[in-house]
$ cat input-v4.pdb   # PDB, C-alpha atoms
MODEL        1
ATOM      1  CA  MET X   1     116.092  85.611 160.551
ATOM      2  CA  PRO X   2     112.721  87.332 160.906
ATOM      3  CA  THR X   3     110.942  89.299 158.206
ATOM      4  CA  ILE X   4     108.315  92.001 158.582
ATOM      5  CA  GLU X   5     105.883  93.658 156.184
ATOM      6  CA  ALA X   6     106.720  97.317 155.607
ATOM      7  CA  ASN X   7     106.204  99.759 152.722
ATOM      8  CA  GLY X   8     104.514  97.073 150.651
ATOM      9  CA  ILE X   9     107.382  94.565 150.821
ATOM     10  CA  SER X  10     108.743  91.916 153.187
ATOM     11  CA  ILE X  11     111.976  93.109 154.830
ATOM     12  CA  ASN X  12     114.516  90.699 156.285
ATOM     13  CA  TYR X  13     116.206  92.079 159.403
ATOM     14  CA  VAL X  14     118.221  91.275 162.521
ATOM     15  CA  LEU X  15     117.790  93.258 165.745
ATOM     16  CA  GLU X  16     120.126  92.290 168.562
ATOM     17  CA  GLY X  17     121.866  93.664 171.615
ATOM     18  CA  PRO X  18     120.945  95.073 175.035
ATOM     19  CA  GLU X  19     117.356  96.299 175.314
ATOM     20  CA  TYR X  20     118.349  99.668 176.756
ATOM     21  CA  GLY X  21     121.471 100.297 174.684
ATOM     22  CA  ASP X  22     121.598 103.111 172.139
ATOM     23  CA  LEU X  23     120.176 101.799 168.856
ATOM     24  CA  LEU X  24     122.552 101.692 165.866
ATOM     25  CA  VAL X  25     120.943 101.194 162.444
ATOM     26  CA  LEU X  26     123.181  99.948 159.623
ATOM     27  CA  ILE X  27     122.427 100.333 155.883
ATOM     28  CA  ASN X  28     124.190  98.164 153.295
ATOM     29  CA  GLY X  29     125.694  99.190 149.986
ATOM     30  CA  LEU X  30     124.963  98.087 146.424
ATOM     31  CA  ALA X  31     124.522  94.309 146.041
ATOM     32  CA  ASP X  32     125.307  93.747 149.738
ATOM     33  CA  ASP X  33     123.048  91.966 152.205
ATOM     34  CA  LEU X  34     122.978  92.325 155.985
ATOM     35  CA  GLU X  35     125.909  89.914 156.381
ATOM     36  CA  THR X  36     128.103  92.736 155.113
ATOM     37  CA  TRP X  37     128.349  93.936 158.735
ATOM     38  CA  SER X  38     129.771  90.719 160.195
ATOM     39  CA  ALA X  39     132.991  92.493 161.233
ATOM     40  CA  GLN X  40     131.160  95.466 162.767
ATOM     41  CA  VAL X  41     128.325  93.892 164.749
ATOM     42  CA  PRO X  42     130.432  92.122 167.448
ATOM     43  CA  ALA X  43     132.362  95.326 168.222
ATOM     44  CA  SER X  44     129.144  97.362 168.320
ATOM     45  CA  LEU X  45     127.449  94.887 170.653
ATOM     46  CA  GLU X  46     130.506  94.806 172.910
ATOM     47  CA  ALA X  47     130.335  98.609 173.088
ATOM     48  CA  GLY X  48     126.768  98.329 174.398
ATOM     49  CA  TYR X  49     124.758  99.181 171.290
ATOM     50  CA  ARG X  50     121.557  97.544 170.147
ATOM     51  CA  VAL X  51     122.070  96.891 166.433
ATOM     52  CA  LEU X  52     119.524  96.782 163.607
ATOM     53  CA  ARG X  53     120.614  95.623 160.162
ATOM     54  CA  TYR X  54     118.492  94.565 157.240
ATOM     55  CA  ASP X  55     118.470  93.607 153.561
ATOM     56  CA  ASN X  56     117.560  96.423 151.190
ATOM     57  CA  ARG X  57     114.878  95.627 148.637
ATOM     58  CA  GLY X  58     116.393  93.634 145.794
ATOM     59  CA  ILE X  59     118.882  91.600 147.850
ATOM     60  CA  GLY X  60     119.027  88.839 150.433
ATOM     61  CA  LYS X  61     115.721  87.651 151.861
ATOM     62  CA  THR X  62     113.927  90.976 151.387
ATOM     63  CA  SER X  63     111.409  91.261 148.550
ATOM     64  CA  ARG X  64     112.699  91.948 145.049
ATOM     65  CA  PRO X  65     109.978  93.909 143.253
ATOM     66  CA  PRO X  66     110.675  95.380 139.799
ATOM     67  CA  GLY X  67     112.742  98.565 139.690
ATOM     68  CA  PRO X  68     114.140 101.013 139.188
ATOM     69  CA  TYR X  69     114.728 101.950 142.826
ATOM     70  CA  THR X  70     115.698 105.353 144.225
ATOM     71  CA  SER X  71     117.330 106.506 147.444
ATOM     72  CA  ASP X  72     114.027 108.063 148.498
ATOM     73  CA  LEU X  73     112.212 104.751 148.014
ATOM     74  CA  LEU X  74     114.803 102.856 150.036
ATOM     75  CA  ALA X  75     114.706 105.563 152.718
ATOM     76  CA  ASP X  76     110.944 105.031 152.870
ATOM     77  CA  ASP X  77     111.617 101.311 153.342
ATOM     78  CA  LEU X  78     113.790 102.146 156.347
ATOM     79  CA  GLY X  79     111.183 104.480 157.798
ATOM     80  CA  ALA X  80     108.499 101.830 157.396
ATOM     81  CA  LEU X  81     110.747  99.187 158.973
ATOM     82  CA  LEU X  82     111.344 101.372 162.028
ATOM     83  CA  GLU X  83     107.605 101.997 162.277
ATOM     84  CA  ALA X  84     106.759  98.303 161.932
ATOM     85  CA  LEU X  85     109.298  97.439 164.652
ATOM     86  CA  ASP X  86     107.761 100.129 166.862
ATOM     87  CA  ILE X  87     111.080 101.948 167.269
ATOM     88  CA  ARG X  88     110.233 105.067 169.283
ATOM     89  CA  GLU X  89     113.582 106.222 170.639
ATOM     90  CA  GLY X  90     116.547 108.074 169.221
ATOM     91  CA  PHE X  91     118.969 106.090 167.083
ATOM     92  CA  HIS X  92     122.323 106.367 165.317
ATOM     93  CA  LEU X  93     122.197 105.870 161.538
ATOM     94  CA  LEU X  94     125.190 104.584 159.590
ATOM     95  CA  GLY X  95     125.259 103.840 155.880
ATOM     96  CA  VAL X  96     128.119 102.746 153.648
ATOM     97  CA  SER X  97     128.393 103.563 149.922
ATOM     98  CA  MET X  98     124.815 103.282 148.559
ATOM     99  CA  GLY X  99     123.752 102.962 152.187
ATOM    100  CA  GLY X 100     125.252 106.397 152.827
ATOM    101  CA  MET X 101     123.026 107.789 150.094
ATOM    102  CA  ILE X 102     119.939 106.161 151.601
ATOM    103  CA  ALA X 103     120.974 107.611 154.974
ATOM    104  CA  GLN X 104     121.174 111.103 153.462
ATOM    105  CA  SER X 105     117.709 110.709 151.958
ATOM    106  CA  TYR X 106     116.327 109.488 155.275
ATOM    107  CA  ALA X 107     117.888 112.417 157.153
ATOM    108  CA  LEU X 108     116.399 114.872 154.648
ATOM    109  CA  LYS X 109     112.959 113.270 154.845
ATOM    110  CA  HIS X 110     112.902 112.729 158.618
ATOM    111  CA  PRO X 111     114.912 115.466 160.367
ATOM    112  CA  SER X 112     114.828 115.530 164.152
ATOM    113  CA  ARG X 113     112.534 118.175 165.601
ATOM    114  CA  PRO X 114     114.177 119.847 168.608
ATOM    115  CA  LEU X 115     112.017 120.745 171.593
ATOM    116  CA  PRO X 116     112.455 123.921 173.638
ATOM    117  CA  LYS X 117     115.482 123.844 175.914
ATOM    118  CA  THR X 118     113.231 123.791 178.950
ATOM    119  CA  SER X 119     112.164 120.231 178.137
ATOM    120  CA  GLY X 120     115.327 118.860 179.756
ATOM    121  CA  ASP X 121     115.265 115.800 177.510
ATOM    122  CA  ALA X 122     118.642 114.023 177.370
ATOM    123  CA  SER X 123     118.379 112.884 173.743
ATOM    124  CA  ASN X 124     119.300 116.126 171.997
ATOM    125  CA  GLY X 125     116.111 117.887 173.095
ATOM    126  CA  THR X 126     113.737 115.615 171.182
ATOM    127  CA  ILE X 127     111.253 112.865 171.894
ATOM    128  CA  GLY X 128     110.115 109.828 169.954
ATOM    129  CA  ARG X 129     111.954 108.316 167.007
ATOM    130  CA  HIS X 130     114.741 110.642 165.854
ATOM    131  CA  LEU X 131     118.373 110.719 164.812
ATOM    132  CA  LEU X 132     121.123 110.843 167.409
ATOM    133  CA  SER X 133     123.919 110.865 164.836
ATOM    134  CA  LEU X 134     124.515 110.307 161.148
ATOM    135  CA  SER X 135     127.522 108.443 159.698
ATOM    136  CA  LEU X 136     128.021 108.630 155.928
ATOM    137  CA  CYS X 137     130.786 106.233 154.896
ATOM    138  CA  CYS X 138     132.523 105.909 151.521
ATOM    139  CA  THR X 139     129.795 107.872 149.784
ATOM    140  CA  TYR X 140     129.007 111.121 147.972
ATOM    141  CA  ALA X 141     126.413 113.825 147.249
ATOM    142  CA  GLN X 142     126.404 113.183 143.487
ATOM    143  CA  PRO X 143     128.191 110.676 141.206
ATOM    144  CA  THR X 144     130.100 113.189 138.994
ATOM    145  CA  PRO X 145     131.332 112.222 135.482
ATOM    146  CA  PHE X 146     133.882 109.720 136.832
ATOM    147  CA  CYS X 147     131.403 107.527 138.717
ATOM    148  CA  THR X 148     128.699 108.018 136.085
ATOM    149  CA  ARG X 149     130.924 106.399 133.473
ATOM    150  CA  MET X 150     131.929 103.603 135.827
ATOM    151  CA  PHE X 151     128.319 102.794 136.694
ATOM    152  CA  SER X 152     127.304 102.769 133.024
ATOM    153  CA  LEU X 153     130.048 100.237 132.407
ATOM    154  CA  TRP X 154     128.808  98.104 135.311
ATOM    155  CA  ALA X 155     125.308  98.086 133.818
ATOM    156  CA  GLU X 156     126.664  96.977 130.439
ATOM    157  CA  MET X 157     128.866  94.292 132.021
ATOM    158  CA  ALA X 158     125.988  92.915 134.097
ATOM    159  CA  GLN X 159     123.828  92.496 131.002
ATOM    160  CA  GLU X 160     126.584  91.189 128.713
ATOM    161  CA  MET X 161     128.285  88.974 131.315
ATOM    162  CA  SER X 162     126.704  88.643 134.795
ATOM    163  CA  VAL X 163     126.245  90.478 138.074
ATOM    164  CA  GLN X 164     128.719  88.082 139.635
ATOM    165  CA  ASP X 165     131.375  89.051 137.064
ATOM    166  CA  VAL X 166     130.791  92.744 137.784
ATOM    167  CA  MET X 167     131.241  92.182 141.507
ATOM    168  CA  ARG X 168     134.411  90.156 140.976
ATOM    169  CA  ASP X 169     135.778  93.105 139.015
ATOM    170  CA  VAL X 170     134.701  95.556 141.727
ATOM    171  CA  THR X 171     136.645  93.463 144.241
ATOM    172  CA  LEU X 172     139.864  94.311 142.379
ATOM    173  CA  TRP X 173     139.381  98.004 143.143
ATOM    174  CA  ALA X 174     137.804  97.775 146.612
ATOM    175  CA  PHE X 175     140.863  96.299 148.364
ATOM    176  CA  THR X 176     144.475  97.441 148.586
ATOM    177  CA  VAL X 177     147.448  95.795 146.857
ATOM    178  CA  PRO X 178     148.819  94.354 150.152
ATOM    179  CA  PHE X 179     145.491  92.544 150.654
ATOM    180  CA  PHE X 180     146.013  90.651 147.390
ATOM    181  CA  ARG X 181     149.656  89.947 148.213
ATOM    182  CA  SER X 182     149.434  88.684 151.766
ATOM    183  CA  ARG X 183     145.862  87.747 152.717
ATOM    184  CA  THR X 184     145.256  84.937 150.256
ATOM    185  CA  ASN X 185     142.692  82.987 152.279
ATOM    186  CA  GLU X 186     140.525  86.050 152.839
ATOM    187  CA  LEU X 187     140.842  86.983 149.163
ATOM    188  CA  LEU X 188     139.655  83.537 148.096
ATOM    189  CA  GLU X 189     136.694  83.813 150.463
ATOM    190  CA  VAL X 190     135.716  87.174 148.977
ATOM    191  CA  GLU X 191     136.044  85.881 145.411
ATOM    192  CA  GLN X 192     133.996  82.797 146.237
ATOM    193  CA  ALA X 193     131.286  84.975 147.791
ATOM    194  CA  MET X 194     131.185  87.145 144.654
ATOM    195  CA  ARG X 195     130.869  84.103 142.399
ATOM    196  CA  GLY X 196     127.967  82.848 144.503
ATOM    197  CA  LEU X 197     126.183  86.191 144.901
ATOM    198  CA  ASP X 198     122.419  85.625 144.830
ATOM    199  CA  MET X 199     121.408  88.598 142.696
ATOM    200  CA  ALA X 200     120.051  88.583 139.167
ATOM    201  CA  VAL X 201     120.448  91.344 136.579
ATOM    202  CA  PRO X 202     117.005  93.001 137.057
ATOM    203  CA  GLU X 203     117.420  93.627 140.793
ATOM    204  CA  TYR X 204     121.062  94.652 140.329
ATOM    205  CA  LEU X 205     120.065  97.265 137.755
ATOM    206  CA  ALA X 206     117.210  98.363 140.038
ATOM    207  CA  GLN X 207     119.682  99.030 142.877
ATOM    208  CA  LEU X 208     122.302 100.475 140.526
ATOM    209  CA  ASN X 209     119.778 103.149 139.554
ATOM    210  CA  VAL X 210     119.943 104.425 143.150
ATOM    211  CA  ILE X 211     123.576 105.441 142.863
ATOM    212  CA  GLN X 212     123.269 106.560 139.239
ATOM    213  CA  THR X 213     120.464 109.045 139.914
ATOM    214  CA  PHE X 214     121.418 110.146 143.436
ATOM    215  CA  ASP X 215     122.021 113.866 143.916
ATOM    216  CA  THR X 216     121.567 115.801 147.162
ATOM    217  CA  THR X 217     123.786 118.752 146.260
ATOM    218  CA  ALA X 218     120.976 121.305 145.978
ATOM    219  CA  GLN X 219     119.302 120.161 149.212
ATOM    220  CA  LEU X 220     122.574 120.155 151.160
ATOM    221  CA  GLU X 221     123.572 123.565 149.839
ATOM    222  CA  GLY X 222     120.131 124.877 150.789
ATOM    223  CA  LEU X 223     120.528 123.624 154.359
ATOM    224  CA  LYS X 224     124.033 125.060 154.590
ATOM    225  CA  ASN X 225     122.912 128.450 153.306
ATOM    226  CA  GLU X 226     120.317 128.481 156.096
ATOM    227  CA  GLU X 227     122.977 127.314 158.602
ATOM    228  CA  LYS X 228     120.966 124.163 159.273
ATOM    229  CA  VAL X 229     122.476 120.764 160.043
ATOM    230  CA  LEU X 230     121.524 117.720 157.955
ATOM    231  CA  GLY X 231     119.255 115.520 160.054
ATOM    232  CA  GLY X 232     117.678 118.438 161.901
ATOM    233  CA  PHE X 233     120.238 118.439 164.695
ATOM    234  CA  ASP X 234     120.080 121.582 166.819
ATOM    235  CA  ALA X 235     123.341 123.479 166.369
ATOM    236  CA  ASN X 236     122.780 125.090 169.785
ATOM    237  CA  GLU X 237     122.508 121.693 171.452
ATOM    238  CA  GLY X 238     125.623 120.033 170.077
ATOM    239  CA  GLY X 239     124.070 119.329 166.695
ATOM    240  CA  GLN X 240     127.164 120.475 164.874
ATOM    241  CA  GLY X 241     129.439 117.473 165.048
ATOM    242  CA  ARG X 242     126.697 114.819 164.970
ATOM    243  CA  VAL X 243     127.272 114.155 161.256
ATOM    244  CA  MET X 244     130.394 112.245 160.227
ATOM    245  CA  VAL X 245     131.627 111.661 156.686
ATOM    246  CA  LEU X 246     134.139 108.808 156.703
ATOM    247  CA  ALA X 247     136.356 107.754 153.790
ATOM    248  CA  GLY X 248     138.894 105.009 153.272
ATOM    249  CA  LYS X 249     142.178 106.830 152.707
ATOM    250  CA  THR X 250     142.841 105.052 149.405
ATOM    251  CA  ASP X 251     139.280 104.697 148.083
ATOM    252  CA  ILE X 252     139.291 104.788 144.261
ATOM    253  CA  LEU X 253     135.752 103.528 143.621
ATOM    254  CA  ILE X 254     134.245 106.557 145.337
ATOM    255  CA  PRO X 255     137.341 108.765 145.380
ATOM    256  CA  VAL X 256     138.203 110.398 148.689
ATOM    257  CA  VAL X 257     137.831 113.848 147.147
ATOM    258  CA  MET X 258     134.127 113.160 146.559
ATOM    259  CA  SER X 259     133.566 112.206 150.190
ATOM    260  CA  HIS X 260     135.439 115.322 151.253
ATOM    261  CA  GLU X 261     133.222 117.440 149.002
ATOM    262  CA  LEU X 262     130.182 115.858 150.656
ATOM    263  CA  ALA X 263     131.486 116.844 154.091
ATOM    264  CA  GLU X 264     132.062 120.405 152.910
ATOM    265  CA  ARG X 265     128.418 120.612 151.822
ATOM    266  CA  ILE X 266     127.108 119.560 155.251
ATOM    267  CA  GLU X 267     127.001 122.261 157.902
ATOM    268  CA  GLY X 268     129.086 121.332 160.946
ATOM    269  CA  SER X 269     130.033 117.843 159.750
ATOM    270  CA  ARG X 270     133.263 116.053 160.575
ATOM    271  CA  PHE X 271     135.421 114.528 157.841
ATOM    272  CA  LEU X 272     137.431 111.516 159.019
ATOM    273  CA  THR X 273     139.428 108.766 157.333
ATOM    274  CA  CYS X 274     140.498 105.228 158.123
ATOM    275  CA  LYS X 275     142.867 102.689 156.608
ATOM    276  CA  GLY X 276     142.053 101.128 153.265
ATOM    277  CA  GLY X 277     139.919 101.794 150.230
ATOM    278  CA  HIS X 278     136.252 101.263 149.447
ATOM    279  CA  GLY X 279     136.341  97.910 151.238
ATOM    280  CA  CYS X 280     137.897  99.404 154.377
ATOM    281  CA  MET X 281     135.186  97.994 156.651
ATOM    282  CA  TRP X 282     136.166  94.467 155.552
ATOM    283  CA  GLU X 283     139.906  94.836 154.983
ATOM    284  CA  PHE X 284     140.640  96.933 158.079
ATOM    285  CA  PRO X 285     137.653  96.355 160.373
ATOM    286  CA  ASP X 286     139.487  97.225 163.581
ATOM    287  CA  ASP X 287     140.463 100.663 162.276
ATOM    288  CA  PHE X 288     137.028 101.272 160.744
ATOM    289  CA  ASN X 289     135.316 100.238 163.976
ATOM    290  CA  LYS X 290     137.630 102.367 166.107
ATOM    291  CA  VAL X 291     136.810 105.508 164.130
ATOM    292  CA  VAL X 292     133.073 104.807 163.996
ATOM    293  CA  LEU X 293     132.693 103.829 167.645
ATOM    294  CA  GLY X 294     134.788 106.785 168.737
ATOM    295  CA  PHE X 295     132.435 109.104 166.891
ATOM    296  CA  LEU X 296     129.314 107.361 168.180
ATOM    297  CA  GLN X 297     130.580 107.516 171.752
ATOM    298  CA  GLU X 298     130.564 111.312 171.567
ATOM    299  CA  CYS X 299     126.948 111.243 170.363
ATOM    300  CA  ARG X 300     125.542 108.687 172.821
ATOM    301  CA  VAL X 301     122.573 109.454 175.006
ATOM    302  CA  LYS X 302     123.648 110.137 178.582
ATOM    303  CA  LYS X 303     121.425 107.986 180.813
TER     304      LYS X 303
ENDMDL
END

$ encode --input "input-v4.pdb" --output "structure tokens"
Amino acid sequence: MPTIEANGISINYVLEGPEYGDLLVLINGLADDLETWSAQVPASLEAGYRVLRYDNRGIGKTSRPPGPYTSDLLADDLGALLEALDIREGFHLLGVSMGGMIAQSYALKHPSRPLPKTSGDASNGTIGRHLLSLSLCCTYAQPTPFCTRMFSLWAEMAQEMSVQDVMRDVTLWAFTVPFFRSRTNELLEVEQAMRGLDMAVPEYLAQLNVIQTFDTTAQLEGLKNEEKVLGGFDANEGGQGRVMVLAGKTDILIPVVMSHELAERIEGSRFLTCKGGHGCMWEFPDDFNKVVLGFLQECRVKK
């Protein structure tokens, strides 16, 4: 896998798919590397998308500088990666869990700038690198007291035990009861992957800080009060409806109510659900992919 220098670090990435397909950029969650999308990439490629995925700083083959990290810093990493890869067209941005927080920060920092209607441009009235859609999956606008206490416990467990032990515990709450009862081979694979996770305590705590300190409530409320759409989408040009908040129906790590509250804070967003909990993209990939690709299809560039 290639790496590229961007924002002062070396970023590991994979870019694949048809040269002229709509670009889909995927952002991983806490302690996840780019392999987290193994059940999504084939379906996305088959649907004609060009797909970019990468390791966030602190994980995989991307650099692991000292933390703490923030969502703004990781959003800057994404912006620098797109610049280094010379991405100049519109793209769809999808983030899951912590990745959904990074996606929010990116959309706030780099909103699309609509051109006058007379431009006739097919990509939502904009030129150059810009957002075509925004998918925020299994994520929130702020952690609230429930998640704050959970994350504090994770930090203590990582330091007293190990990161791998924390992630094995997280696995218990990310999947549904039927998964543990009937999908033994997959469960063993997940548990083995957690035991072998290549992440030490310092970089785990650096990434954990992202979700502990994340809070876009004031910014989202400000946009909503001004009747503006997150990401700079033009409400007069179909911008309302280009932001999706997706939750696993039984998510208890980031409770569904928190994802729903996020959707309510975003002007014109759609709130959708799919089967499963926080690990819905792994446990029920077909359902997750169907919802995501259905949404993306409505936001594709007409060529």

$ resolve_selection --input "input-v4.pdb" --expression "the PyMOL selection byres ((chain X and resi 28) around 9)" --output "list in words"
Leu26, Ile27, Gly29, Leu30, Ala31, Asp32, Asp33, Leu34, Glu35, Thr36, Trp37, Arg53, Tyr54, Asp55, Asn56, Gly95, Val96, Ser97, Met98, Gly99 and Gly100 of chain X

$ atom_distance --input "input-v4.pdb" --atom1 "CA of Ala43 (chain X)" --atom2 "CA of Tyr20 (chain X)"
17.0 Å

$ resolve_selection --input "input-v4.pdb" --expression "the PyMOL selection byres ((chain X and resi 17-19) around 8)" --output "ChimeraX atom specification"
/X:15-16,20-21,45,48-51

$ write_last_selection --input "input-v4.pdb" --atoms "C-alpha atoms" --output "tab-separated table (two decimals), in the frame of the given file"
chain	number	residue	atom	x	y	z
X	15	LEU	CA	117.79	93.26	165.74
X	16	GLU	CA	120.13	92.29	168.56
X	20	TYR	CA	118.35	99.67	176.76
X	21	GLY	CA	121.47	100.30	174.68
X	45	LEU	CA	127.45	94.89	170.65
X	48	GLY	CA	126.77	98.33	174.40
X	49	TYR	CA	124.76	99.18	171.29
X	50	ARG	CA	121.56	97.54	170.15
X	51	VAL	CA	122.07	96.89	166.43

$ resolve_selection --input "input-v4.pdb" --expression "the PyMOL selection byres ((chain X and resi 84-87) around 10)" --output "list in words"
Ile4, Glu5, Ala6, Asn7, Leu15, Leu23, Leu78, Gly79, Ala80, Leu81, Leu82, Glu83, Arg88, Glu89, Gly90, Phe91, Gly128, Arg129 and His130 of chain X

$ residues_around --input "input-v4.pdb" --residues "region 174-188 of chain X" --least-positions-apart "4" --cutoff "10 Å" --atoms "all atoms listed in the file" --output "PyMOL selection string"
chain X and resi 169-170+192-194+248+250-254+275-280+282-284

$ closest_residue --input "input-v4.pdb" --among "X:Arg300, X:Lys109, X:Lys249, X:Lys224" --to "Asp22 (chain X)" --atoms "all atoms listed in the file"
X:Arg300

$ residues_around --input "input-v4.pdb" --residues "Arg168 (chain X)" --least-positions-apart "6" --cutoff "9 Å" --atoms "all atoms listed in the file" --output "PyMOL selection string"
chain X and resi 190-191+194-195

$ closest_residue --input "input-v4.pdb" --among "X:Pro111, X:Gly8, X:Thr144, X:Ser135" --to "Val292 (chain X)" --atoms "all atoms listed in the file"
X:Ser135

$ atom_distance --input "input-v4.pdb" --atom1 "CA of Gly294 (chain X)" --atom2 "CA of Ser71 (chain X)"
27.5 Å

$ atom_distance --input "input-v4.pdb" --atom1 "CA of Val25 (chain X)" --atom2 "CA of Ile102 (chain X)"
12.0 Å

$ closest_residue --input "input-v4.pdb" --among "X:Leu94, X:Glu46, X:Gly67, X:Pro2" --to "Cys138 (chain X)" --atoms "all atoms listed in the file"
X:Leu94

$ closest_residue --input "input-v4.pdb" --among "X:Ser269, X:Ser112, X:Thr70, X:Gln164" --to "Asn209 (chain X)" --atoms "all atoms listed in the file"
X:Thr70

$ closest_residue --input "input-v4.pdb" --among "X:Thr139, X:Pro66, X:Met244, X:Asp77" --to "Phe214 (chain X)" --atoms "only C-alpha atoms"
X:Thr139

$ build_atoms --input "input-v4.pdb" --residues "region 24-36 of chain X" --atoms "N, CA and C atoms" --output "short mmCIF file (atom, residue, chain, number, x, y, z; two decimals), in the coordinates of the input"
data_model
loop_
_atom_site.label_atom_id
_atom_site.label_comp_id
_atom_site.auth_asym_id
_atom_site.auth_seq_id
_atom_site.Cartn_x
_atom_site.Cartn_y
_atom_site.Cartn_z
N LEU X 24 121.74 101.39 167.03
CA LEU X 24 122.55 101.69 165.87
C LEU X 24 121.93 100.99 164.67
N VAL X 25 121.56 101.74 163.66
CA VAL X 25 120.94 101.19 162.44
C VAL X 25 121.96 101.23 161.31
N LEU X 26 122.17 100.09 160.66
CA LEU X 26 123.18 99.95 159.62
C LEU X 26 122.52 99.74 158.26
N ILE X 27 122.99 100.45 157.23
CA ILE X 27 122.43 100.33 155.88
C ILE X 27 123.51 99.87 154.92
N ASN X 28 123.23 98.79 154.20
CA ASN X 28 124.19 98.16 153.29
C ASN X 28 124.36 98.96 152.00
N GLY X 29 125.44 98.61 151.28
CA GLY X 29 125.69 99.19 149.99
C GLY X 29 125.12 98.37 148.85
N LEU X 30 125.43 98.75 147.64
CA LEU X 30 124.96 98.09 146.42
C LEU X 30 125.33 96.60 146.42
N ALA X 31 124.33 95.76 146.17
CA ALA X 31 124.52 94.31 146.04
C ALA X 31 125.05 93.65 147.31
N ASP X 32 124.89 94.31 148.44
CA ASP X 32 125.31 93.75 149.74
C ASP X 32 124.09 93.44 150.59
N ASP X 33 124.12 92.29 151.27
CA ASP X 33 123.05 91.97 152.21
C ASP X 33 123.50 92.28 153.62
N LEU X 34 122.68 91.94 154.59
CA LEU X 34 122.98 92.32 155.99
C LEU X 34 124.21 91.65 156.56
N GLU X 35 124.70 90.57 155.90
CA GLU X 35 125.91 89.91 156.38
C GLU X 35 127.15 90.77 156.14
N THR X 36 126.98 91.85 155.39
CA THR X 36 128.10 92.74 155.11
C THR X 36 128.70 93.33 156.38
#
